[in-house]
$ cat data_10.tsv   # TSV, C-alpha atoms and all ligand atoms
chain	number	residue	atom	x	y	z
C	29	MET	CA	3.11	4.43	-12.66
C	30	ALA	CA	5.83	4.92	-10.04
C	31	TYR	CA	4.89	5.87	-6.47
C	32	ARG	CA	5.91	9.43	-5.75
C	33	LEU	CA	5.92	9.69	-1.99
C	34	PHE	CA	9.51	10.84	-1.64
C	35	GLU	CA	9.49	13.83	-3.96
C	36	GLY	CA	9.72	16.93	-1.78
C	37	LYS	CA	12.99	18.74	-1.04
C	38	GLU	CA	12.28	18.60	2.68
C	39	HIS	CA	11.64	14.84	2.61
C	40	ALA	CA	14.87	14.32	0.64
C	41	SER	CA	16.90	16.30	3.12
C	42	ILE	CA	15.36	14.29	6.01
C	43	TYR	CA	16.39	11.15	4.10
C	44	GLN	CA	19.96	12.32	3.77
C	45	GLN	CA	20.12	13.13	7.46
C	46	TYR	CA	18.30	10.23	9.05
C	47	ARG	CA	18.17	7.09	6.88
C	48	PHE	CA	20.48	4.34	8.03
C	49	THR	CA	23.21	2.94	5.85
C	50	PRO	CA	22.55	-0.81	5.50
C	51	PRO	CA	25.04	-3.02	7.37
C	52	SER	CA	28.29	-3.47	5.49
C	53	GLY	CA	28.27	-7.16	6.54
C	54	LEU	CA	25.13	-7.64	4.46
C	55	LYS	CA	26.77	-5.83	1.53
C	56	ASP	CA	29.73	-8.25	1.86
C	57	ILE	CA	27.33	-11.21	1.61
C	58	ILE	CA	25.88	-9.71	-1.59
C	59	ILE	CA	29.35	-9.24	-3.12
C	60	GLN	CA	30.31	-12.81	-2.15
C	61	TYR	CA	27.09	-14.06	-3.78
C	62	LEU	CA	27.96	-12.19	-6.99
C	63	ASP	CA	31.49	-13.63	-6.88
C	64	LYS	CA	30.16	-17.13	-6.41
C	65	LYS	CA	27.53	-16.91	-9.15
C	66	LYS	CA	29.13	-14.72	-11.79
C	67	GLY	CA	32.68	-13.98	-10.65
C	68	PRO	CA	34.79	-11.02	-11.72
C	69	PRO	CA	35.03	-8.57	-13.36
C	70	HIS	CA	32.69	-6.35	-11.39
C	71	GLU	CA	32.05	-3.66	-13.95
C	72	LEU	CA	28.60	-2.17	-13.44
C	73	ALA	CA	26.29	-2.15	-10.42
C	74	VAL	CA	22.95	-0.36	-10.50
C	75	ASP	CA	21.21	0.69	-7.28
C	76	LEU	CA	17.50	1.17	-7.92
C	77	GLY	CA	15.41	3.51	-5.79
C	78	CYS	CA	18.73	4.76	-4.46
C	79	GLY	CA	17.22	7.74	-2.61
C	80	THR	CA	20.03	9.81	-1.13
C	81	GLY	CA	22.61	7.12	-1.92
C	82	GLN	CA	23.39	5.49	1.45
C	83	HIS	CA	23.47	2.00	-0.06
C	84	THR	CA	24.90	3.16	-3.42
C	85	ARG	CA	27.99	4.51	-1.67
C	86	LEU	CA	28.59	1.18	0.08
C	87	LEU	CA	29.02	-0.44	-3.35
C	88	ALA	CA	31.65	2.06	-4.53
C	89	PRO	CA	34.82	0.08	-3.62
C	90	HIS	CA	33.57	-3.06	-5.36
C	91	PHE	CA	32.70	-1.91	-8.89
C	92	LYS	CA	34.29	0.04	-11.71
C	93	GLU	CA	31.05	1.97	-12.15
C	94	ILE	CA	27.89	2.35	-10.07
C	95	VAL	CA	24.71	4.05	-11.22
C	96	GLY	CA	22.07	5.11	-8.70
C	97	ILE	CA	18.57	5.50	-10.14
C	98	ASP	CA	15.57	7.12	-8.52
C	99	VAL	CA	12.29	8.69	-9.62
C	100	SER	CA	12.86	11.62	-7.30
C	101	GLU	CA	15.20	14.33	-8.57
C	102	CYS	CA	15.29	15.91	-5.08
C	103	GLN	CA	16.59	12.66	-3.57
C	104	LEU	CA	19.25	12.50	-6.29
C	105	GLU	CA	20.33	16.10	-5.70
C	106	GLU	CA	21.05	15.16	-2.08
C	107	ALA	CA	22.91	12.02	-3.21
C	108	ARG	CA	25.06	14.02	-5.67
C	109	SER	CA	26.01	16.50	-2.95
C	110	VAL	CA	28.06	13.84	-1.11
C	111	PRO	CA	31.66	14.28	-2.33
C	112	GLY	CA	34.36	11.67	-2.90
C	113	TYR	CA	32.65	8.99	-4.99
C	114	THR	CA	34.01	9.46	-8.49
C	115	ASN	CA	32.77	6.10	-9.82
C	116	ILE	CA	29.11	6.79	-8.91
C	117	THR	CA	26.64	8.65	-11.11
C	118	TYR	CA	23.02	9.32	-10.30
C	119	ARG	CA	20.28	9.34	-12.91
C	120	THR	CA	16.58	10.07	-12.78
C	121	GLY	CA	14.58	7.07	-13.91
C	122	THR	CA	12.49	4.13	-12.88
C	123	ALA	CA	13.19	0.52	-12.05
C	124	GLU	CA	10.67	-0.44	-14.72
C	125	GLU	CA	12.49	1.26	-17.62
C	126	LEU	CA	16.25	1.04	-17.26
C	127	PRO	CA	18.65	3.06	-19.40
C	128	PHE	CA	21.07	0.19	-20.07
C	129	GLU	CA	21.77	-2.04	-23.05
C	130	ASP	CA	20.80	-5.72	-22.89
C	131	GLY	CA	23.19	-7.92	-20.88
C	132	THR	CA	25.41	-5.15	-19.47
C	133	VAL	CA	24.76	-5.07	-15.71
C	134	ASP	CA	26.63	-7.25	-13.18
C	135	LEU	CA	24.52	-6.46	-10.12
C	136	LEU	CA	21.10	-4.87	-9.65
C	137	THR	CA	20.33	-3.84	-6.09
C	138	ALA	CA	17.50	-2.08	-4.32
C	139	SER	CA	17.64	-1.15	-0.66
C	140	SER	CA	14.28	-0.56	1.03
C	141	ALA	CA	12.87	0.25	-2.38
C	142	ALA	CA	11.82	-2.86	-4.35
C	143	HIS	CA	8.40	-2.92	-2.64
C	144	TRP	CA	7.57	0.28	-4.56
C	145	PHE	CA	8.31	-1.20	-7.99
C	146	ASP	CA	5.84	-2.61	-10.49
C	147	ARG	CA	6.84	-6.23	-9.94
C	148	SER	CA	6.44	-7.74	-13.39
C	149	ARG	CA	7.81	-4.75	-15.33
C	150	PHE	CA	10.83	-4.54	-13.02
C	151	LEU	CA	11.56	-8.27	-13.38
C	152	LEU	CA	11.34	-8.06	-17.18
C	153	GLU	CA	13.84	-5.21	-17.15
C	154	ALA	CA	16.13	-7.04	-14.70
C	155	ASN	CA	16.15	-10.07	-16.98
C	156	ARG	CA	16.94	-7.86	-19.98
C	157	VAL	CA	19.80	-5.76	-18.55
C	158	LEU	CA	21.62	-8.36	-16.44
C	159	LYS	CA	24.63	-10.17	-17.84
C	160	PRO	CA	24.35	-13.97	-17.85
C	161	ARG	CA	24.81	-15.05	-14.22
C	162	GLY	CA	24.45	-11.40	-13.18
C	163	CYS	CA	22.65	-10.98	-9.85
C	164	ILE	CA	19.72	-9.26	-8.20
C	165	ALA	CA	19.99	-8.31	-4.51
C	166	LEU	CA	16.92	-6.76	-2.89
C	167	LEU	CA	17.38	-5.86	0.73
C	168	GLY	CA	15.35	-4.18	3.39
C	169	PHE	CA	14.72	-4.07	7.09
C	170	ILE	CA	11.84	-5.12	9.28
C	171	ASP	CA	11.09	-3.12	12.37
C	172	THR	CA	8.19	-5.14	13.76
C	173	ASN	CA	10.71	-6.96	15.98
C	174	ILE	CA	12.92	-3.96	16.60
C	175	SER	CA	14.71	-4.06	19.90
C	176	LEU	CA	15.67	-0.83	21.62
C	177	ASN	CA	17.80	-1.17	24.74
C	178	TYR	CA	18.68	1.35	27.38
C	179	LYS	CA	19.38	0.30	30.96
C	180	ASP	CA	16.27	-1.59	32.11
C	181	CYS	CA	13.63	0.28	30.11
C	182	GLY	CA	14.02	-1.42	26.69
C	183	ASP	CA	10.52	-2.95	26.78
C	184	LYS	CA	8.93	0.43	27.39
C	185	LEU	CA	10.89	2.04	24.55
C	186	ASN	CA	9.89	-0.79	22.21
C	187	ARG	CA	6.26	-0.32	23.16
C	188	ILE	CA	6.40	3.42	22.38
C	189	TYR	CA	7.97	2.66	18.98
C	190	GLN	CA	5.28	0.09	18.14
C	191	GLU	CA	2.56	2.52	19.29
C	192	VAL	CA	3.84	5.08	16.79
C	193	LYS	CA	3.73	2.46	14.04
C	194	GLU	CA	0.15	1.55	14.99
C	195	LEU	CA	-0.87	5.19	15.08
C	196	LEU	CA	0.50	5.71	11.57
C	197	GLN	CA	-0.97	2.42	10.29
C	198	PRO	CA	-3.93	4.13	8.55
C	199	TYR	CA	-1.41	6.16	6.49
C	200	THR	CA	0.65	3.12	5.50
C	201	SER	CA	0.48	2.21	1.82
C	202	ASN	CA	0.25	-1.39	0.59
C	203	PRO	CA	3.83	-1.56	-0.70
C	204	VAL	CA	5.21	-0.91	2.80
C	205	ALA	CA	3.21	-3.90	4.06
C	206	ALA	CA	4.74	-5.95	1.20
C	207	SER	CA	8.19	-5.02	2.44
C	208	GLU	CA	7.26	-6.27	5.89
C	209	SER	CA	6.60	-9.70	4.35
C	210	LYS	CA	10.28	-9.64	3.31
C	211	LEU	CA	9.21	-9.27	-0.34
C	212	GLN	CA	7.68	-12.75	-0.42
C	213	ASP	CA	5.56	-12.04	-3.53
C	214	LEU	CA	8.46	-10.51	-5.41
C	215	TYR	CA	10.70	-13.42	-4.45
C	216	ASP	CA	8.09	-15.90	-5.71
C	217	ALA	CA	7.77	-13.98	-8.99
C	218	ILE	CA	11.50	-13.96	-9.83
C	219	PRO	CA	11.71	-16.18	-12.93
C	220	PHE	CA	15.31	-17.34	-12.28
C	221	PRO	CA	15.53	-20.87	-10.79
C	222	ASP	CA	18.68	-19.90	-8.92
C	223	LYS	CA	17.37	-17.76	-6.05
C	224	GLU	CA	17.58	-17.67	-2.29
C	225	ARG	CA	16.77	-15.44	0.65
C	226	ILE	CA	18.49	-14.29	3.76
C	227	GLU	CA	15.56	-14.25	6.14
C	228	SER	CA	17.21	-12.50	9.01
C	229	TYR	CA	20.42	-10.54	9.32
C	230	GLN	CA	20.62	-8.94	12.74
C	231	ASN	CA	22.35	-5.62	13.09
C	232	LYS	CA	23.14	-3.77	16.32
C	233	SER	CA	24.21	-0.16	16.58
C	234	MET	CA	23.96	2.85	18.86
C	235	ILE	CA	21.64	5.69	17.97
C	236	SER	CA	20.70	8.94	19.69
C	237	VAL	CA	17.09	9.56	20.65
C	238	SER	CA	16.93	12.57	18.31
C	239	ARG	CA	18.22	10.49	15.40
C	240	LEU	CA	15.65	7.75	16.06
C	241	VAL	CA	12.90	10.36	16.09
C	242	GLY	CA	14.40	11.83	12.89
C	243	PHE	CA	14.25	8.36	11.32
C	244	ILE	CA	10.53	8.15	12.16
C	245	SER	CA	10.11	11.52	10.42
C	246	SER	CA	11.52	9.94	7.22
C	247	TRP	CA	8.73	7.34	6.94
C	248	SER	CA	6.37	7.70	4.00
C	249	MET	CA	3.40	7.13	6.34
C	250	TYR	CA	4.60	9.96	8.59
C	251	HIS	CA	4.63	12.23	5.53
C	252	SER	CA	1.15	11.13	4.50
C	253	TYR	CA	-0.04	11.95	8.02
C	254	LYS	CA	1.80	15.29	7.96
C	255	ARG	CA	0.04	16.29	4.74
C	256	LYS	CA	-3.32	15.80	6.51
C	257	ASP	CA	-2.39	17.28	9.86
C	258	PRO	CA	0.89	19.25	9.87
C	259	GLN	CA	0.59	20.38	13.47
C	260	GLY	CA	-0.46	16.93	14.71
C	261	ALA	CA	2.59	15.45	12.99
C	262	GLU	CA	4.98	17.98	14.55
C	263	ASP	CA	3.41	17.35	17.96
C	264	LEU	CA	3.71	13.58	17.46
C	265	LEU	CA	7.49	13.80	17.04
C	266	ALA	CA	7.93	16.12	20.03
C	267	ASN	CA	5.76	13.79	22.10
C	268	ILE	CA	7.67	10.63	21.13
C	269	GLN	CA	10.98	12.26	21.97
C	270	LYS	CA	9.66	13.38	25.35
C	271	ARG	CA	8.22	9.94	26.13
C	272	PHE	CA	11.50	8.22	25.24
C	273	LEU	CA	13.53	10.60	27.40
C	274	ASP	CA	11.08	10.40	30.32
C	275	GLU	CA	11.22	6.59	30.32
C	276	MET	CA	15.02	6.70	30.16
C	277	GLY	CA	15.29	9.32	32.91
C	278	ALA	CA	17.51	11.28	30.51
C	279	SER	CA	17.30	14.93	29.51
C	280	SER	CA	19.48	15.16	26.41
C	281	PRO	CA	18.11	14.01	23.01
C	282	ASP	CA	21.74	13.15	22.18
C	283	THR	CA	21.57	10.28	24.68
C	284	GLU	CA	22.27	7.06	22.83
C	285	ILE	CA	20.32	3.84	22.95
C	286	GLU	CA	21.13	0.47	21.42
C	287	ARG	CA	19.08	-0.41	18.37
C	288	GLU	CA	18.81	-3.98	17.15
C	289	TRP	CA	17.35	-4.24	13.69
C	290	GLU	CA	16.50	-7.15	11.40
C	291	TYR	CA	17.45	-6.96	7.72
C	292	PHE	CA	16.54	-9.40	4.95
C	293	CYS	CA	17.78	-9.91	1.42
C	294	VAL	CA	16.41	-11.60	-1.69
C	295	LEU	CA	19.18	-12.90	-3.98
C	296	ALA	CA	18.90	-14.31	-7.48
C	297	SER	CA	21.18	-15.05	-10.39
C	298	LYS	CA	20.19	-14.94	-14.06
C	299	PRO	CA	20.75	-18.23	-15.91
C	300	LEU	CA	23.42	-18.50	-18.62
C	401	LIG	C1	12.27	4.05	1.11
C	401	LIG	S1	13.25	4.88	-0.09
C	401	LIG	C2	14.81	4.02	0.01
C	401	LIG	C3	15.98	4.87	-0.38
C	401	LIG	C4	17.35	4.21	-0.22
C	401	LIG	N1	17.55	3.14	-1.16
C	401	LIG	C5	17.61	3.73	1.20
C	401	LIG	O1	18.05	2.59	1.36
C	401	LIG	O2	17.40	4.52	2.13
C	401	LIG	C6	12.55	4.34	-1.60
C	401	LIG	C7	13.08	5.09	-2.82
C	401	LIG	O3	12.60	4.45	-3.98
C	401	LIG	C8	12.26	5.44	-4.95
C	401	LIG	N2	11.32	4.81	-5.89
C	401	LIG	C9	10.03	4.46	-5.66
C	401	LIG	N3	9.52	3.84	-6.74
C	401	LIG	C10	10.51	3.79	-7.67
C	401	LIG	C11	10.60	3.25	-8.99
C	401	LIG	N4	9.57	2.64	-9.54
C	401	LIG	N5	11.78	3.35	-9.65
C	401	LIG	C12	12.84	3.98	-9.07
C	401	LIG	N6	12.81	4.51	-7.82
C	401	LIG	C13	11.67	4.42	-7.13
C	401	LIG	C14	11.71	6.58	-4.12
C	401	LIG	O4	11.75	7.81	-4.81
C	401	LIG	C15	12.62	6.55	-2.89
C	401	LIG	O5	13.73	7.39	-3.04

$ encode --input "data_10.tsv" --output "structure tokens"
Amino acid sequence: MAYRLFEGKEHASIYQQYRFTPPSGLKDIIIQYLDKKKGPPHELAVDLGCGTGQHTRLLAPHFKEIVGIDVSECQLEEARSVPGYTNITYRTGTAEELPFEDGTVDLLTASSAAHWFDRSRFLLEANRVLKPRGCIALLGFIDTNISLNYKDCGDKLNRIYQEVKELLQPYTSNPVAASESKLQDLYDAIPFPDKERIESYQNKSMISVSRLVGFISSWSMYHSYKRKDPQGAEDLLANIQKRFLDEMGASSPDTEIEREWEYFCVLASKPL
């Protein structure tokens, strides 16, 4: 049974607003991998657990057709509301039961989502729908070594961020912990001999304090906490924002800090 922690309309709208688009440099590595293993034509890419479509949209220039699939209809409604991507369609469904004929998919991706899938059922489906030499690319980010920088108070900001993670630890589900191992178990279980991993792809960008706090509000563990203690959860966000700004000596939540993030990617190619 699929995990359903991202169902609500409010959660979906927070996703649309605050989730980060994965680095386009990492997307380029995935496309190069597909070119090397399978080569053109790039007809069909499928983005599993696509959420509000941040990663799905990155694939648009590279494929004739892209299908984003998610269990949450609310997430998909948000994804569909982004105009200008005529080669993308979004469909409700699960990674474990894909609506494609055998041997028809060039690339199967999942961004920050594969840790939620039923591993063996997903891999069976991947093996079925991929074309020979078609590829799997499962990416995600790790924020245990996140680096936030602002003037000379980066260490203090990092400590606040880690404190929030520790505070929400009791609300963290097992799959999120699996993601933090860079999908080691899933990687090991991929039956294709041709597989590799990008252990660390560093990405730097600027982000406002309010957006960082908004990102925290998108976490599944934050939502689990909020269901138990709505007021405590609201207060937590207000408190983090205040602590960040106090440390920075800034007053505006629009003040930007540098965020350095580590992504990873599991790559595999189906044998001929
Ligand atoms: C953490 S979000 C990631 C969303 C998006 N890919 C991104 O990069 O921001 C995980 C998504 O996976 C979806 N999901 C969870 N289990 C799933 C499954 N078994 N099949 C398809 N989607 C699933 C959730 O509904 C959610 O939208």

$ residues_near_point --input "data_10.tsv" --point "(17.5, -4.6, 11.5)" --cutoff "8 Å" --atoms "only C-alpha atoms" --output "ChimeraX atom specification"
/C:169-171,174,229-232,288-291

$ atom_distance --input "data_10.tsv" --atom1 "atom N2 of ligand LIG 401 (chain C)" --atom2 "atom CA of C:Val99"
5.5 Å

$ closest_residue --input "data_10.tsv" --among "C:Leu195, C:Val204, C:Ile218, C:Ile285" --to "ligand LIG 401 (chain C)" --atoms "all atoms listed in the file"
C:Val204

$ closest_residue --input "data_10.tsv" --among "C:Glu93, C:Glu124, C:Glu262, C:Asp274" --to "ligand LIG 401 (chain C)" --atoms "only C-alpha atoms and all ligand atoms"
C:Glu124

$ atom_distance --input "data_10.tsv" --atom1 "atom C14 of ligand LIG 401 (chain C)" --atom2 "atom CA of C:Gly77"
5.1 Å

$ closest_residue --input "data_10.tsv" --among "C:Ala217, C:Ala73, C:Ala138, C:Leu86" --to "ligand LIG 401 (chain C)" --atoms "all atoms listed in the file"
C:Ala138

$ closest_residue --input "data_10.tsv" --among "C:Lys159, C:Arg287, C:Lys66, C:Arg108" --to "C:Asn173" --atoms "only C-alpha atoms"
C:Arg287

$ residues_around --input "data_10.tsv" --residues "C:Lys254" --least-positions-apart "3" --cutoff "12 Å" --atoms "only C-alpha atoms" --output "mmCIF file with C-alpha atoms, keeping the file's coordinate frame"
data_model
loop_
_atom_site.group_PDB
_atom_site.id
_atom_site.type_symbol
_atom_site.label_atom_id
_atom_site.label_comp_id
_atom_site.auth_asym_id
_atom_site.auth_seq_id
_atom_site.Cartn_x
_atom_site.Cartn_y
_atom_site.Cartn_z
ATOM 1 C CA HIS C 39 11.640 14.840 2.610
ATOM 2 C CA LEU C 196 0.500 5.710 11.570
ATOM 3 C CA TYR C 199 -1.410 6.160 6.490
ATOM 4 C CA SER C 245 10.110 11.520 10.420
ATOM 5 C CA SER C 246 11.520 9.940 7.220
ATOM 6 C CA TRP C 247 8.730 7.340 6.940
ATOM 7 C CA SER C 248 6.370 7.700 4.000
ATOM 8 C CA MET C 249 3.400 7.130 6.340
ATOM 9 C CA TYR C 250 4.600 9.960 8.590
ATOM 10 C CA HIS C 251 4.630 12.230 5.530
ATOM 11 C CA ASP C 257 -2.390 17.280 9.860
ATOM 12 C CA PRO C 258 0.890 19.250 9.870
ATOM 13 C CA GLN C 259 0.590 20.380 13.470
ATOM 14 C CA GLY C 260 -0.460 16.930 14.710
ATOM 15 C CA ALA C 261 2.590 15.450 12.990
ATOM 16 C CA GLU C 262 4.980 17.980 14.550
ATOM 17 C CA ASP C 263 3.410 17.350 17.960
ATOM 18 C CA LEU C 264 3.710 13.580 17.460
ATOM 19 C CA LEU C 265 7.490 13.800 17.040
#

$ axis_aligned_box --input "data_10.tsv" --around "ligand LIG 401 (chain C)" --padding-each-side "8 Å" --output "lines of an AutoDock Vina configuration file"
center_x = 13.8
center_y = 5.2
center_z = -3.8
size_x = 24.5
size_y = 21.2
size_z = 27.8

$ residues_around --input "data_10.tsv" --residues "C:Tyr46" --least-positions-apart "6" --cutoff "10 Å" --atoms "all atoms listed in the file" --output "number ranges by chain"
C: 40, 238-246

$ residues_around --input "data_10.tsv" --residues "C:Leu76" --least-positions-apart "6" --cutoff "8 Å" --atoms "only C-alpha atoms" --output "list of chain:residue names"
C:Gly96, C:Ile97, C:Asp98, C:Thr122, C:Ala123, C:Leu136, C:Thr137, C:Ala138, C:Ser139, C:Ala141, C:Ala142

$ closest_residue --input "data_10.tsv" --among "C:Ile116, C:Val133, C:Ala88, C:Leu167" --to "ligand LIG 401 (chain C)" --atoms "only C-alpha atoms and all ligand atoms"
C:Leu167

$ closest_residue --input "data_10.tsv" --among "C:Gly79, C:Gly182, C:Pro50, C:Gly168" --to "ligand LIG 401 (chain C)" --atoms "only C-alpha atoms and all ligand atoms"
C:Gly79

$ atom_distance --input "data_10.tsv" --atom1 "atom CA of C:Phe48" --atom2 "atom CA of C:Ile188"
20.1 Å

$ residues_around --input "data_10.tsv" --residues "C:Thr80" --least-positions-apart "2" --cutoff "10 Å" --atoms "all atoms listed in the file" --output "count of residues only"
27

$ residues_around --input "data_10.tsv" --residues "stretch 146-148 of chain C" --least-positions-apart "6" --cutoff "12 Å" --atoms "all atoms listed in the file" --output "ChimeraX atom specification"
/C:29-31,122-125,154-155,203,206,211-219

$ decode --input "data_10.tsv" --residues "stretch 187-206 of chain C" --atoms "N, CA, C and O atoms" --output "compact mmCIF listing (two decimals), in the first residue's frame"
# COMPACT_ATOMS: atom_id res chain seq x y z
N ARG C 187 23.19 24.94 13.14
CA ARG C 187 22.79 24.27 14.39
C ARG C 187 21.27 24.38 14.59
O ARG C 187 20.61 23.42 14.97
N ILE C 188 20.71 25.55 14.28
CA ILE C 188 19.25 25.71 14.44
C ILE C 188 18.53 24.72 13.51
O ILE C 188 17.59 24.04 13.91
N TYR C 189 19.02 24.61 12.28
CA TYR C 189 18.39 23.71 11.30
C TYR C 189 18.43 22.27 11.80
O TYR C 189 17.43 21.55 11.75
N GLN C 190 19.61 21.86 12.31
CA GLN C 190 19.74 20.48 12.80
C GLN C 190 18.86 20.25 14.03
O GLN C 190 18.30 19.18 14.21
N GLU C 191 18.73 21.30 14.87
CA GLU C 191 17.86 21.17 16.06
C GLU C 191 16.42 20.89 15.64
O GLU C 191 15.72 20.10 16.27
N VAL C 192 15.98 21.57 14.56
CA VAL C 192 14.61 21.36 14.09
C VAL C 192 14.45 19.91 13.63
O VAL C 192 13.46 19.24 13.94
N LYS C 193 15.47 19.42 12.91
CA LYS C 193 15.40 18.04 12.44
C LYS C 193 15.33 17.07 13.62
O LYS C 193 14.56 16.12 13.61
N GLU C 194 16.13 17.36 14.66
CA GLU C 194 16.12 16.47 15.84
C GLU C 194 14.77 16.51 16.54
O GLU C 194 14.23 15.50 16.96
N LEU C 195 14.22 17.73 16.64
CA LEU C 195 12.93 17.88 17.29
C LEU C 195 11.84 17.09 16.57
O LEU C 195 10.93 16.53 17.19
N LEU C 196 11.93 17.05 15.24
CA LEU C 196 10.90 16.35 14.46
C LEU C 196 11.23 14.87 14.25
O LEU C 196 10.43 14.14 13.66
N GLN C 197 12.38 14.45 14.76
CA GLN C 197 12.82 13.06 14.59
C GLN C 197 11.74 12.04 14.98
O GLN C 197 11.48 11.08 14.24
N PRO C 198 11.05 12.24 16.13
CA PRO C 198 10.03 11.24 16.51
C PRO C 198 8.90 11.12 15.50
O PRO C 198 8.15 10.15 15.52
N TYR C 199 8.75 12.10 14.62
CA TYR C 199 7.65 12.08 13.64
C TYR C 199 8.14 11.62 12.27
O TYR C 199 7.41 11.67 11.29
N THR C 200 9.42 11.23 12.21
CA THR C 200 10.02 10.85 10.93
C THR C 200 9.72 9.40 10.63
O THR C 200 9.97 8.52 11.46
N SER C 201 9.20 9.11 9.44
CA SER C 201 8.89 7.72 9.11
C SER C 201 10.12 7.02 8.54
O SER C 201 11.04 7.67 8.04
N ASN C 202 10.11 5.68 8.60
CA ASN C 202 11.27 4.90 8.16
C ASN C 202 11.75 5.23 6.76
O ASN C 202 12.94 5.31 6.51
N PRO C 203 10.82 5.41 5.79
CA PRO C 203 11.30 5.69 4.43
C PRO C 203 12.18 6.93 4.34
O PRO C 203 13.10 6.98 3.53
N VAL C 204 11.91 7.94 5.16
CA VAL C 204 12.73 9.16 5.09
C VAL C 204 14.16 8.81 5.53
O VAL C 204 15.14 9.25 4.93
N ALA C 205 14.28 7.96 6.54
CA ALA C 205 15.61 7.52 6.98
C ALA C 205 16.31 6.77 5.85
O ALA C 205 17.51 6.90 5.64
N ALA C 206 15.53 5.99 5.07
CA ALA C 206 16.12 5.23 3.95
C ALA C 206 16.68 6.19 2.91
O ALA C 206 17.72 5.94 2.31
